[in-house]
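See below for my_file.pdb, which holds PDB, C-alpha atoms and all ligand atoms.
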ATOM      1  CA  MET N 146      11.390 -14.716 -18.511  1.00  0.00           C
ATOM      2  CA  GLU N 147      10.477 -16.395 -15.243  1.00  0.00           C
ATOM      3  CA  GLN N 148       8.162 -18.738 -17.131  1.00  0.00           C
ATOM      4  CA  GLU N 149      10.882 -19.447 -19.657  1.00  0.00           C
ATOM      5  CA  ARG N 150      13.292 -20.324 -16.857  1.00  0.00           C
ATOM      6  CA  GLU N 151      10.751 -22.576 -15.229  1.00  0.00           C
ATOM      7  CA  ARG N 152      10.243 -24.336 -18.520  1.00  0.00           C
ATOM      8  CA  ASP N 153      13.962 -24.717 -19.042  1.00  0.00           C
ATOM      9  CA  ASP N 154      14.376 -26.088 -15.526  1.00  0.00           C
ATOM     10  CA  SER N 155      11.808 -28.725 -16.370  1.00  0.00           C
ATOM     11  CA  PHE N 156      13.548 -29.441 -19.616  1.00  0.00           C
ATOM     12  CA  SER N 157      16.838 -29.875 -17.821  1.00  0.00           C
ATOM     13  CA  ALA N 158      15.430 -32.295 -15.320  1.00  0.00           C
ATOM     14  CA  THR N 159      13.722 -34.136 -18.125  1.00  0.00           C
ATOM     15  CA  GLY N 160      16.670 -34.234 -20.440  1.00  0.00           C
ATOM     16  CA  ALA N 161      18.946 -35.439 -17.669  1.00  0.00           C
ATOM     17  CA  LEU N 162      16.607 -38.288 -16.934  1.00  0.00           C
ATOM     18  CA  GLU N 163      17.548 -40.434 -19.898  1.00  0.00           C
ATOM     19  CA  ARG N 164      20.089 -38.438 -21.836  1.00  0.00           C
ATOM     20  CA  GLU N 165      23.038 -38.478 -19.454  1.00  0.00           C
ATOM     21  CA  PRO N 166      25.699 -38.851 -22.143  1.00  0.00           C
ATOM     22  CA  LEU N 167      24.567 -35.551 -23.638  1.00  0.00           C
ATOM     23  CA  HIS N 168      25.134 -33.749 -20.335  1.00  0.00           C
ATOM     24  CA  THR N 169      28.741 -34.651 -19.789  1.00  0.00           C
ATOM     25  CA  ASP N 170      29.637 -31.000 -19.133  1.00  0.00           C
ATOM     26  CA  ALA N 171      27.233 -30.779 -16.193  1.00  0.00           C
ATOM     27  CA  THR N 172      28.515 -32.392 -13.051  1.00  0.00           C
ATOM     28  CA  SER N 173      25.361 -32.039 -10.949  1.00  0.00           C
ATOM     29  CA  ASP N 174      21.753 -30.812 -11.069  1.00  0.00           C
ATOM     30  CA  GLU N 175      22.952 -27.572  -9.494  1.00  0.00           C
ATOM     31  CA  GLY N 176      25.637 -27.165 -12.107  1.00  0.00           C
ATOM     32  CA  GLU N 177      23.116 -27.836 -14.831  1.00  0.00           C
ATOM     33  CA  LEU N 178      20.770 -25.201 -13.379  1.00  0.00           C
ATOM     34  CA  ASP N 179      23.580 -22.627 -13.313  1.00  0.00           C
ATOM     35  CA  LEU N 180      24.335 -23.453 -16.900  1.00  0.00           C
ATOM     36  CA  LEU N 181      20.717 -22.956 -17.896  1.00  0.00           C
ATOM     37  CA  LEU N 182      20.425 -19.642 -16.109  1.00  0.00           C
ATOM     38  CA  SER N 183      23.652 -18.254 -17.502  1.00  0.00           C
ATOM     39  CA  GLU N 184      23.296 -19.569 -21.044  1.00  0.00           C
ATOM     40  CA  ASP N 185      19.553 -19.482 -21.356  1.00  0.00           C
ATOM     41  CA  GLY N 186      19.166 -19.411 -25.133  1.00  0.00           C
ATOM     42  CA  GLU N 187      21.990 -21.822 -25.879  1.00  0.00           C
ATOM     43  CA  ALA N 188      20.796 -24.296 -23.259  1.00  0.00           C
ATOM     44  CA  ARG N 189      17.245 -24.192 -24.628  1.00  0.00           C
ATOM     45  CA  ARG N 190      18.452 -24.779 -28.166  1.00  0.00           C
ATOM     46  CA  ARG N 191      20.624 -27.667 -26.969  1.00  0.00           C
ATOM     47  CA  PHE N 192      17.720 -29.134 -25.072  1.00  0.00           C
ATOM     48  CA  LEU N 193      15.481 -28.914 -28.126  1.00  0.00           C
ATOM     49  CA  LYS N 194      18.094 -30.798 -30.138  1.00  0.00           C
ATOM     50  CA  GLN N 195      18.324 -33.475 -27.473  1.00  0.00           C
ATOM     51  CA  ALA N 196      14.551 -33.797 -27.270  1.00  0.00           C
ATOM     52  CA  LEU N 197      14.274 -34.136 -31.028  1.00  0.00           C
ATOM     53  CA  ILE N 198      17.021 -36.731 -31.159  1.00  0.00           C
ATOM     54  CA  ALA N 199      15.017 -38.568 -28.527  1.00  0.00           C
ATOM     55  CA  GLY N 200      12.253 -38.628 -31.086  1.00  0.00           C
ATOM     56  CA  GLY N 201       9.323 -36.925 -29.456  1.00  0.00           C
ATOM     57  CA  GLY N 202       9.912 -33.173 -29.379  1.00  0.00           C
ATOM     58  CA  LEU N 203       8.759 -31.217 -26.373  1.00  0.00           C
ATOM     59  CA  ALA N 204       5.815 -33.484 -25.767  1.00  0.00           C
ATOM     60  CA  ALA N 205       8.247 -36.324 -25.207  1.00  0.00           C
ATOM     61  CA  ALA N 206      10.119 -34.107 -22.808  1.00  0.00           C
ATOM     62  CA  ASN N 207       6.967 -33.410 -20.841  1.00  0.00           C
ATOM     63  CA  LEU N 208       6.166 -37.078 -20.842  1.00  0.00           C
ATOM     64  CA  LEU N 209       9.645 -37.857 -19.627  1.00  0.00           C
ATOM     65  CA  LEU N 210       9.224 -35.306 -16.860  1.00  0.00           C
ATOM     66  CA  HIS N 211       6.445 -37.455 -15.481  1.00  0.00           C
ATOM     67  CA  TYR N 212       8.313 -40.624 -16.309  1.00  0.00           C
ATOM     68  CA  GLN N 213       9.516 -41.398 -12.819  1.00  0.00           C
ATOM     69  CA  THR N 214       6.090 -41.115 -11.235  1.00  0.00           C
ATOM     70  CA  ASN N 215       4.217 -42.890 -13.993  1.00  0.00           C
ATOM     71  CA  VAL N 216       6.645 -45.536 -15.115  1.00  0.00           C
ATOM     72  CA  SER N 217       5.662 -48.167 -12.566  1.00  0.00           C
ATOM     73  CA  ALA N 218       1.965 -47.861 -13.348  1.00  0.00           C
ATOM     74  CA  GLN N 219       2.625 -47.843 -17.090  1.00  0.00           C
ATOM     75  CA  THR N 220       4.900 -50.848 -16.879  1.00  0.00           C
ATOM     76  CA  ARG N 221       2.277 -52.752 -14.922  1.00  0.00           C
ATOM     77  CA  ALA N 222      -0.439 -51.741 -17.404  1.00  0.00           C
ATOM     78  CA  THR N 223       1.695 -52.717 -20.398  1.00  0.00           C
ATOM     79  CA  ALA N 224       2.610 -56.024 -18.805  1.00  0.00           C
ATOM     80  CA  THR N 225      -1.064 -56.695 -18.123  1.00  0.00           C
ATOM     81  CA  ASN N 226      -1.990 -55.815 -21.704  1.00  0.00           C
ATOM     82  CA  LEU N 227       0.780 -57.971 -23.094  1.00  0.00           C
ATOM     83  CA  ALA N 228      -0.162 -60.893 -20.940  1.00  0.00           C
ATOM     84  CA  ALA N 229      -3.820 -60.512 -21.898  1.00  0.00           C
ATOM     85  CA  THR N 230      -2.936 -60.403 -25.585  1.00  0.00           C
ATOM     86  CA  GLN N 231      -0.566 -63.330 -25.432  1.00  0.00           C
ATOM     87  CA  GLU N 232      -3.221 -65.392 -23.687  1.00  0.00           C
ATOM     88  CA  SER N 233      -5.930 -64.346 -26.107  1.00  0.00           C
ATOM     89  CA  PRO N 234      -6.885 -67.162 -28.481  1.00  0.00           C
ATOM     90  CA  ALA N 235      -7.436 -64.521 -31.154  1.00  0.00           C
ATOM     91  CA  ALA N 236      -3.858 -63.203 -30.974  1.00  0.00           C
ATOM     92  CA  ILE N 237      -1.847 -63.568 -34.158  1.00  0.00           C
ATOM     93  CA  HIS N 238       1.872 -63.458 -34.774  1.00  0.00           C
ATOM     94  CA  VAL N 239       3.034 -60.363 -36.617  1.00  0.00           C
ATOM     95  CA  THR N 240       6.593 -59.226 -37.237  1.00  0.00           C
ATOM     96  CA  LEU N 241       6.894 -55.507 -37.754  1.00  0.00           C
ATOM     97  CA  ARG N 242      10.023 -53.975 -39.182  1.00  0.00           C
ATOM     98  CA  VAL N 243      10.504 -50.584 -37.577  1.00  0.00           C
ATOM     99  CA  ASN N 244      13.480 -48.260 -38.043  1.00  0.00           C
ATOM    100  CA  GLY N 245      15.465 -51.118 -39.554  1.00  0.00           C
ATOM    101  CA  ARG N 246      14.782 -53.608 -36.768  1.00  0.00           C
ATOM    102  CA  ASP N 247      12.401 -56.586 -36.636  1.00  0.00           C
ATOM    103  CA  TYR N 248       9.882 -56.848 -33.790  1.00  0.00           C
ATOM    104  CA  PRO N 249       8.037 -60.190 -33.486  1.00  0.00           C
ATOM    105  CA  LEU N 250       4.738 -59.524 -31.720  1.00  0.00           C
ATOM    106  CA  GLN N 251       1.560 -61.274 -30.603  1.00  0.00           C
ATOM    107  CA  LEU N 252      -1.281 -58.929 -31.517  1.00  0.00           C
ATOM    108  CA  GLU N 253      -5.031 -58.880 -31.688  1.00  0.00           C
ATOM    109  CA  PRO N 254      -5.965 -58.860 -35.395  1.00  0.00           C
ATOM    110  CA  GLN N 255      -7.649 -55.493 -34.938  1.00  0.00           C
ATOM    111  CA  ALA N 256      -4.602 -53.861 -33.296  1.00  0.00           C
ATOM    112  CA  THR N 257      -3.642 -50.628 -34.993  1.00  0.00           C
ATOM    113  CA  LEU N 258      -0.121 -49.874 -36.088  1.00  0.00           C
ATOM    114  CA  LEU N 259      -0.062 -46.899 -33.697  1.00  0.00           C
ATOM    115  CA  ASP N 260      -0.956 -49.061 -30.684  1.00  0.00           C
ATOM    116  CA  ALA N 261       1.584 -51.686 -31.706  1.00  0.00           C
ATOM    117  CA  LEU N 262       4.294 -49.033 -31.972  1.00  0.00           C
ATOM    118  CA  ARG N 263       3.458 -47.265 -28.738  1.00  0.00           C
ATOM    119  CA  GLU N 264       2.186 -49.992 -26.440  1.00  0.00           C
ATOM    120  CA  ARG N 265       3.965 -53.106 -27.669  1.00  0.00           C
ATOM    121  CA  ILE N 266       7.253 -51.851 -29.047  1.00  0.00           C
ATOM    122  CA  GLY N 267       7.555 -48.829 -26.771  1.00  0.00           C
ATOM    123  CA  LEU N 268       8.195 -46.246 -29.496  1.00  0.00           C
ATOM    124  CA  THR N 269       6.072 -43.432 -28.118  1.00  0.00           C
ATOM    125  CA  GLY N 270       7.312 -40.694 -30.446  1.00  0.00           C
ATOM    126  CA  SER N 271       4.250 -41.198 -32.651  1.00  0.00           C
ATOM    127  CA  LYS N 272       1.379 -39.512 -30.830  1.00  0.00           C
ATOM    128  CA  LYS N 273      -2.240 -40.467 -30.407  1.00  0.00           C
ATOM    129  CA  GLY N 274      -4.285 -37.312 -30.912  1.00  0.00           C
ATOM    130  CA  CYS N 275      -7.739 -38.041 -32.300  1.00  0.00           C
ATOM    131  CA  ASP N 276      -7.324 -41.791 -32.967  1.00  0.00           C
ATOM    132  CA  ARG N 277      -9.585 -41.380 -36.005  1.00  0.00           C
ATOM    133  CA  GLY N 278      -7.452 -40.046 -38.836  1.00  0.00           C
ATOM    134  CA  GLN N 279      -8.194 -36.371 -38.376  1.00  0.00           C
ATOM    135  CA  CYS N 280      -5.123 -34.788 -36.745  1.00  0.00           C
ATOM    136  CA  GLY N 281      -2.005 -36.423 -38.225  1.00  0.00           C
ATOM    137  CA  ALA N 282      -0.216 -36.706 -34.860  1.00  0.00           C
ATOM    138  CA  CYS N 283       0.325 -40.410 -35.530  1.00  0.00           C
ATOM    139  CA  THR N 284       1.958 -39.957 -38.968  1.00  0.00           C
ATOM    140  CA  VAL N 285       4.711 -42.468 -39.778  1.00  0.00           C
ATOM    141  CA  LEU N 286       6.276 -43.589 -43.035  1.00  0.00           C
ATOM    142  CA  ALA N 287       5.443 -47.023 -44.450  1.00  0.00           C
ATOM    143  CA  ASP N 288       7.608 -47.961 -47.419  1.00  0.00           C
ATOM    144  CA  GLY N 289       8.394 -44.278 -47.848  1.00  0.00           C
ATOM    145  CA  ARG N 290       4.788 -43.051 -47.837  1.00  0.00           C
ATOM    146  CA  ARG N 291       3.221 -41.134 -44.959  1.00  0.00           C
ATOM    147  CA  ILE N 292       0.251 -42.797 -43.334  1.00  0.00           C
ATOM    148  CA  ASN N 293      -1.956 -42.246 -40.291  1.00  0.00           C
ATOM    149  CA  SER N 294      -0.883 -45.148 -38.126  1.00  0.00           C
ATOM    150  CA  CYS N 295      -4.056 -44.891 -36.005  1.00  0.00           C
ATOM    151  CA  LEU N 296      -6.066 -46.001 -39.048  1.00  0.00           C
ATOM    152  CA  ALA N 297      -3.646 -48.729 -40.162  1.00  0.00           C
ATOM    153  CA  LEU N 298      -4.010 -52.334 -39.063  1.00  0.00           C
ATOM    154  CA  ALA N 299      -0.645 -53.504 -37.763  1.00  0.00           C
ATOM    155  CA  ALA N 300      -1.031 -56.928 -39.364  1.00  0.00           C
ATOM    156  CA  ALA N 301      -1.436 -55.322 -42.774  1.00  0.00           C
ATOM    157  CA  TYR N 302       2.032 -53.781 -42.482  1.00  0.00           C
ATOM    158  CA  GLU N 303       3.992 -56.941 -41.858  1.00  0.00           C
ATOM    159  CA  GLY N 304       6.956 -56.816 -44.226  1.00  0.00           C
ATOM    160  CA  ALA N 305       6.740 -53.051 -44.721  1.00  0.00           C
ATOM    161  CA  GLU N 306       9.589 -50.726 -43.766  1.00  0.00           C
ATOM    162  CA  ILE N 307       8.059 -48.605 -41.030  1.00  0.00           C
ATOM    163  CA  THR N 308       9.941 -45.526 -39.953  1.00  0.00           C
ATOM    164  CA  THR N 309       8.992 -43.467 -36.935  1.00  0.00           C
ATOM    165  CA  VAL N 310      10.337 -40.222 -35.567  1.00  0.00           C
ATOM    166  CA  GLU N 311      12.785 -42.194 -33.408  1.00  0.00           C
ATOM    167  CA  GLY N 312      14.534 -43.171 -36.627  1.00  0.00           C
ATOM    168  CA  LEU N 313      14.742 -39.680 -38.090  1.00  0.00           C
ATOM    169  CA  ALA N 314      18.039 -38.421 -36.654  1.00  0.00           C
ATOM    170  CA  HIS N 315      21.321 -40.209 -37.281  1.00  0.00           C
ATOM    171  CA  GLY N 316      22.853 -40.429 -33.830  1.00  0.00           C
ATOM    172  CA  GLU N 317      23.250 -36.834 -32.749  1.00  0.00           C
ATOM    173  CA  GLU N 318      23.005 -35.517 -36.281  1.00  0.00           C
ATOM    174  CA  LEU N 319      19.579 -34.038 -36.840  1.00  0.00           C
ATOM    175  CA  HIS N 320      17.634 -34.553 -40.035  1.00  0.00           C
ATOM    176  CA  PRO N 321      17.432 -31.248 -41.982  1.00  0.00           C
ATOM    177  CA  ILE N 322      13.718 -31.080 -41.165  1.00  0.00           C
ATOM    178  CA  GLN N 323      14.442 -31.335 -37.445  1.00  0.00           C
ATOM    179  CA  ALA N 324      17.116 -28.642 -37.660  1.00  0.00           C
ATOM    180  CA  ALA N 325      14.743 -26.388 -39.610  1.00  0.00           C
ATOM    181  CA  PHE N 326      11.948 -26.867 -37.044  1.00  0.00           C
ATOM    182  CA  ILE N 327      14.335 -25.703 -34.328  1.00  0.00           C
ATOM    183  CA  LYS N 328      15.600 -22.789 -36.403  1.00  0.00           C
ATOM    184  CA  HIS N 329      12.083 -21.545 -37.180  1.00  0.00           C
ATOM    185  CA  ASP N 330      10.491 -22.419 -33.811  1.00  0.00           C
ATOM    186  CA  GLY N 331       8.115 -24.780 -35.577  1.00  0.00           C
ATOM    187  CA  PHE N 332       6.478 -25.998 -32.389  1.00  0.00           C
ATOM    188  CA  GLN N 333       5.253 -25.028 -28.959  1.00  0.00           C
ATOM    189  CA  CYS N 334       3.985 -27.981 -26.920  1.00  0.00           C
ATOM    190  CA  GLY N 335       5.471 -30.435 -29.435  1.00  0.00           C
ATOM    191  CA  TYR N 336       2.589 -32.888 -29.406  1.00  0.00           C
ATOM    192  CA  CYS N 337       1.963 -32.643 -33.136  1.00  0.00           C
ATOM    193  CA  THR N 338       5.660 -32.282 -33.990  1.00  0.00           C
ATOM    194  CA  PRO N 339       6.637 -35.911 -34.725  1.00  0.00           C
ATOM    195  CA  GLY N 340       3.671 -36.208 -37.083  1.00  0.00           C
ATOM    196  CA  GLN N 341       4.413 -32.833 -38.676  1.00  0.00           C
ATOM    197  CA  MET N 342       8.032 -33.809 -39.222  1.00  0.00           C
ATOM    198  CA  TRP N 343       7.214 -37.148 -40.791  1.00  0.00           C
ATOM    199  CA  SER N 344       4.594 -35.560 -42.963  1.00  0.00           C
ATOM    200  CA  ALA N 345       7.251 -33.057 -44.081  1.00  0.00           C
ATOM    201  CA  VAL N 346       9.783 -35.824 -44.759  1.00  0.00           C
ATOM    202  CA  GLY N 347       7.138 -37.699 -46.746  1.00  0.00           C
ATOM    203  CA  LEU N 348       6.414 -34.517 -48.653  1.00  0.00           C
ATOM    204  CA  LEU N 349      10.108 -34.123 -49.545  1.00  0.00           C
ATOM    205  CA  GLN N 350       9.952 -37.539 -51.172  1.00  0.00           C
ATOM    206  CA  GLU N 351       6.494 -37.242 -52.711  1.00  0.00           C
ATOM    207  CA  HIS N 352       6.890 -33.613 -53.831  1.00  0.00           C
ATOM    208  CA  CYS N 353       4.081 -31.117 -53.489  1.00  0.00           C
ATOM    209  CA  PRO N 354       2.156 -31.027 -56.806  1.00  0.00           C
ATOM    210  CA  ALA N 355       2.625 -27.871 -58.871  1.00  0.00           C
ATOM    211  CA  GLY N 356       0.207 -25.166 -57.854  1.00  0.00           C
ATOM    212  CA  MET N 357      -0.259 -26.523 -54.338  1.00  0.00           C
ATOM    213  CA  THR N 358       1.218 -24.916 -51.240  1.00  0.00           C
ATOM    214  CA  VAL N 359       2.979 -26.596 -48.328  1.00  0.00           C
ATOM    215  CA  ARG N 360      -0.075 -25.775 -46.217  1.00  0.00           C
ATOM    216  CA  GLU N 361      -2.277 -27.703 -48.625  1.00  0.00           C
ATOM    217  CA  CYS N 362       0.120 -30.634 -48.938  1.00  0.00           C
ATOM    218  CA  MET N 363       0.309 -30.961 -45.151  1.00  0.00           C
ATOM    219  CA  SER N 364      -3.315 -30.108 -44.425  1.00  0.00           C
ATOM    220  CA  GLY N 365      -3.855 -33.446 -42.681  1.00  0.00           C
ATOM    221  CA  ASN N 366      -1.520 -32.426 -39.858  1.00  0.00           C
ATOM    222  CA  ILE N 367      -3.210 -30.224 -37.289  1.00  0.00           C
ATOM    223  CA  CYS N 368      -1.351 -28.091 -34.730  1.00  0.00           C
ATOM    224  CA  ARG N 369      -3.525 -27.087 -31.814  1.00  0.00           C
ATOM    225  CA  CYS N 370      -0.875 -24.545 -30.735  1.00  0.00           C
ATOM    226  CA  GLY N 371      -1.100 -22.824 -34.102  1.00  0.00           C
ATOM    227  CA  ALA N 372       2.636 -23.015 -34.807  1.00  0.00           C
ATOM    228  CA  TYR N 373       1.877 -23.133 -38.519  1.00  0.00           C
ATOM    229  CA  ASN N 374       4.014 -20.155 -39.533  1.00  0.00           C
ATOM    230  CA  GLY N 375       7.166 -21.782 -38.141  1.00  0.00           C
ATOM    231  CA  ILE N 376       6.229 -25.204 -39.513  1.00  0.00           C
ATOM    232  CA  VAL N 377       5.604 -23.880 -43.024  1.00  0.00           C
ATOM    233  CA  ALA N 378       8.794 -21.769 -42.945  1.00  0.00           C
ATOM    234  CA  ALA N 379      10.823 -24.818 -41.885  1.00  0.00           C
ATOM    235  CA  VAL N 380       9.380 -27.092 -44.553  1.00  0.00           C
ATOM    236  CA  GLU N 381       9.657 -24.477 -47.293  1.00  0.00           C
ATOM    237  CA  GLU N 382      13.293 -23.872 -46.414  1.00  0.00           C
ATOM    238  CA  VAL N 383      14.207 -27.558 -46.684  1.00  0.00           C
ATOM    239  CA  LEU N 384      12.197 -27.931 -49.899  1.00  0.00           C
ATOM    240  CA  GLU N 385      14.088 -24.972 -51.334  1.00  0.00           C
ATOM    241  CA  GLU N 386      17.451 -26.427 -50.264  1.00  0.00           C
ATOM    242  CA  ASN N 387      16.526 -29.706 -51.955  1.00  0.00           C
ATOM    243  CA  ARG N 388      15.545 -27.860 -55.126  1.00  0.00           C
ATOM    244  CA  HIS N 389      18.939 -26.108 -55.182  1.00  0.00           C
ATOM    245  CA  ALA N 390      20.758 -29.388 -54.499  1.00  0.00           C
ATOM    246  CA  ARG N 391      19.005 -30.990 -57.479  1.00  0.00           C
ATOM    247  CA  ALA N 392      19.616 -28.008 -59.821  1.00  0.00           C
TER
HETATM  248  S1  LIG B 401      -4.176 -39.869 -33.982  1.00  0.00           S
HETATM  249 FE1  LIG B 401      -4.060 -40.575 -36.004  1.00  0.00          FE
HETATM  250  S2  LIG B 401      -4.831 -38.959 -37.198  1.00  0.00           S
HETATM  251 FE2  LIG B 401      -5.118 -38.273 -35.145  1.00  0.00          FE
HETATM  252  S1  LIG B 402       3.079 -27.545 -31.244  1.00  0.00           S
HETATM  253 FE1  LIG B 402       1.438 -27.975 -29.895  1.00  0.00          FE
HETATM  254  S2  LIG B 402       0.065 -29.081 -31.128  1.00  0.00           S
HETATM  255 FE2  LIG B 402       1.544 -28.398 -32.520  1.00  0.00          FE
END
Could you express the structure from this file as structure tokens?
Amino acid sequence: MEQERERDDSFSATGALEREPLHTDATSDEGELDLLLSEDGEARRRFLKQALIAGGGLAAANLLLHYQTNVSAQTRATATNLAATQESPAAIHVTLRVNGRDYPLQLEPQATLLDALRERIGLTGSKKGCDRGQCGACTVLADGRRINSCLALAAAYEGAEITTVEGLAHGEELHPIQAAFIKHDGFQCGYCTPGQMWSAVGLLQEHCPAGMTVRECMSGNICRCGAYNGIVAAVEEVLEENRHARA
């Protein structure tokens, strides 16, 4: 319980960092802490929703927790990288369309889509796990199909409709997959969660071939926490709802 409270305290501090409009009922950090202690379960569930709307699950929350201490160094590093790329004679102009918005970029020809999303555009919901196509943490949709963005050359996706986890929720309305992940506790640390969710959304559109299980159809997405039971339950529930809706 003590651990749970400590985690929730962290979540609160994290959520408050950039999600002020969602905390309008808390007038101060102290008030927020009281709220968390008195309404433990409800506050956790609300935090999870906020974190998912933010696009990165609990991993994003942990990252945000360290945001204040790391942001200056990261900003300097990004600025240095950008400057280096823009000055590079090899840099090429690429416009990526992500979550319905165009991003004109100067990129090295060998830049991966994942690096362009995270380091150039600043959409850090897609995670870098293995950086070699083995874990699925970097899964995004390109023209409706799920791909490992760490293996995709950014320049090859100019003109494609890229969607990342930041574009999954509509405002504060969660995508059914996000809601199901919360309902079934489909994550622990959350690092794999954006990739798992996009793989699931891709699966809803592609359909799992007859005779294959959800586990098989999402076998490219690894969860080091082993939250597979919750993940599979969440995806199966949404697949079932879709089947009923079509019937
Ligand atoms: S980071 Fe892309 S598959 Fe692991
Ligand atoms: S929830 Fe931690 S890696 Fe999947």
### Message
Could you list, as a ChimeraX atom specification, every residue matched by the PyMOL selection byres (((not hetatm)) within 9 of (chain B and resi 401)) in this structure?
### Response
/N:259,271-284,292-296,340,365-367
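Pairwise distance (CA of Ala299 in chain N, CA of Val359 in chain N) equals 29.1 Å.
With distances restricted to only C-alpha atoms and all ligand atoms, N:Asp330 is the closest residue to ligand LIG 402 (chain B) from N:Glu311, N:Glu386, N:Asp330, N:Glu318.
Of note, CA of Leu250 in chain N and CA of Ala287 in chain N are spaced 17.9 Å apart.
Using all atoms listed in the file, the nearest neighbour of Met363 in chain N within the list N:Ser344, N:Glu351, N:Pro234, N:His329 is N:Ser344.
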### Summary
Taken to one decimal, the CA of Asp288 in chain N-CA of Gln350 in chain N distance is 11.3 Å
Give, as lines of an AutoDock Vina configuration file, the centre coordinates and the x, y and z edge lengths in Å to one decimal for an axis-aligned box around all listed atoms of ligand LIG 402 (chain B), padded by 3 Å on each side.
center_x = 1.6
center_y = -28.3
center_z = -31.2
size_x = 9.0
size_y = 7.5
size_z = 8.6
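Across N:Ile327, N:Ala301, N:Leu348, N:Leu262, the tightest approach to ligand LIG 402 (chain B) is made by N:Ile327 when counting only C-alpha atoms and all ligand atoms.
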Would you write out, as CSV, a table of all residues in chain N that have an atom no more than 10 Å from an atom of ligand LIG 402 (chain B), listing for each the closest atom pair and the distance in Å to one decimal, considering only C-alpha atoms and all ligand atoms and ordering rows by chain and rising residue number?
residue,atom,partner,partner_atom,distance
N:Gly202,CA,B:LIG402,S1,9.0
N:Leu203,CA,B:LIG402,S1,8.3
N:Ala204,CA,B:LIG402,FE1,8.2
N:Gly274,CA,B:LIG402,S2,9.3
N:Cys280,CA,B:LIG402,S2,9.5
N:Ala282,CA,B:LIG402,S2,8.5
N:Asp330,CA,B:LIG402,S1,9.4
N:Gly331,CA,B:LIG402,S1,7.2
N:Phe332,CA,B:LIG402,S1,3.9
N:Gln333,CA,B:LIG402,S1,4.0
N:Cys334,CA,B:LIG402,FE1,3.9
N:Gly335,CA,B:LIG402,S1,4.2
N:Tyr336,CA,B:LIG402,S2,4.9
N:Cys337,CA,B:LIG402,FE2,4.3
N:Thr338,CA,B:LIG402,FE2,5.8
N:Pro339,CA,B:LIG402,FE2,9.3
N:Gly340,CA,B:LIG402,FE2,9.3
N:Gln341,CA,B:LIG402,FE2,8.1
N:Asn366,CA,B:LIG402,FE2,8.9
N:Ile367,CA,B:LIG402,FE2,7.0
N:Cys368,CA,B:LIG402,FE2,3.7
N:Arg369,CA,B:LIG402,S2,4.2
N:Cys370,CA,B:LIG402,FE1,4.2
N:Gly371,CA,B:LIG402,FE2,6.4
N:Ala372,CA,B:LIG402,S1,5.8
N:Tyr373,CA,B:LIG402,FE2,8.0
N:Gly375,CA,B:LIG402,S1,9.9
N:Ile376,CA,B:LIG402,FE2,9.0
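Taking only C-alpha atoms into account, Arg360 in chain N lies nearest to N:Ala378 out of the set N:Trp343, N:Thr257, N:Arg242, N:Ala378.
Using only C-alpha atoms, the shortest contact distance between Ala305 in chain N and any of N:Asp247, N:Ala392, N:Leu384, N:Gly270 is found at N:Asp247.
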### Message
Using all atoms listed in the file and a cutoff of 9 Å, can you tell me which residues are near (10.3, -47.6, -42.0) in the file's coordinates, and write them out as a VMD selection string?
### Response
chain N and resid 242 to 245 285 to 289 305 to 309 312
Taking C-alpha atoms for each residue, export the selection above as an mmCIF file, in the coordinates of the input.
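part.cif, freshly written:
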data_model
loop_
_atom_site.group_PDB
_atom_site.id
_atom_site.type_symbol
_atom_site.label_atom_id
_atom_site.label_comp_id
_atom_site.auth_asym_id
_atom_site.auth_seq_id
_atom_site.Cartn_x
_atom_site.Cartn_y
_atom_site.Cartn_z
ATOM 1 C CA ARG N 242 10.023 -53.975 -39.182
ATOM 2 C CA VAL N 243 10.504 -50.584 -37.577
ATOM 3 C CA ASN N 244 13.480 -48.260 -38.043
ATOM 4 C CA GLY N 245 15.465 -51.118 -39.554
ATOM 5 C CA VAL N 285 4.711 -42.468 -39.778
ATOM 6 C CA LEU N 286 6.276 -43.589 -43.035
ATOM 7 C CA ALA N 287 5.443 -47.023 -44.450
ATOM 8 C CA ASP N 288 7.608 -47.961 -47.419
ATOM 9 C CA GLY N 289 8.394 -44.278 -47.848
ATOM 10 C CA ALA N 305 6.740 -53.051 -44.721
ATOM 11 C CA GLU N 306 9.589 -50.726 -43.766
ATOM 12 C CA ILE N 307 8.059 -48.605 -41.030
ATOM 13 C CA THR N 308 9.941 -45.526 -39.953
ATOM 14 C CA THR N 309 8.992 -43.467 -36.935
ATOM 15 C CA GLY N 312 14.534 -43.171 -36.627
#
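The shortest atom-to-atom distance to Arg265 in chain N, with all atoms listed in the file taken into account, belongs to N:Leu241 out of N:Arg246, N:Glu361, N:Arg290, N:Leu241.
Non-sequential neighbours of His238 in chain N (distance at most 10 Å, separation of 4 or more positions within a chain, all atoms listed in the file) are Gln231, Pro249, Leu250, Gln251, Leu252, Glu253, Pro254, Ala300 and Glu303 of chain N.
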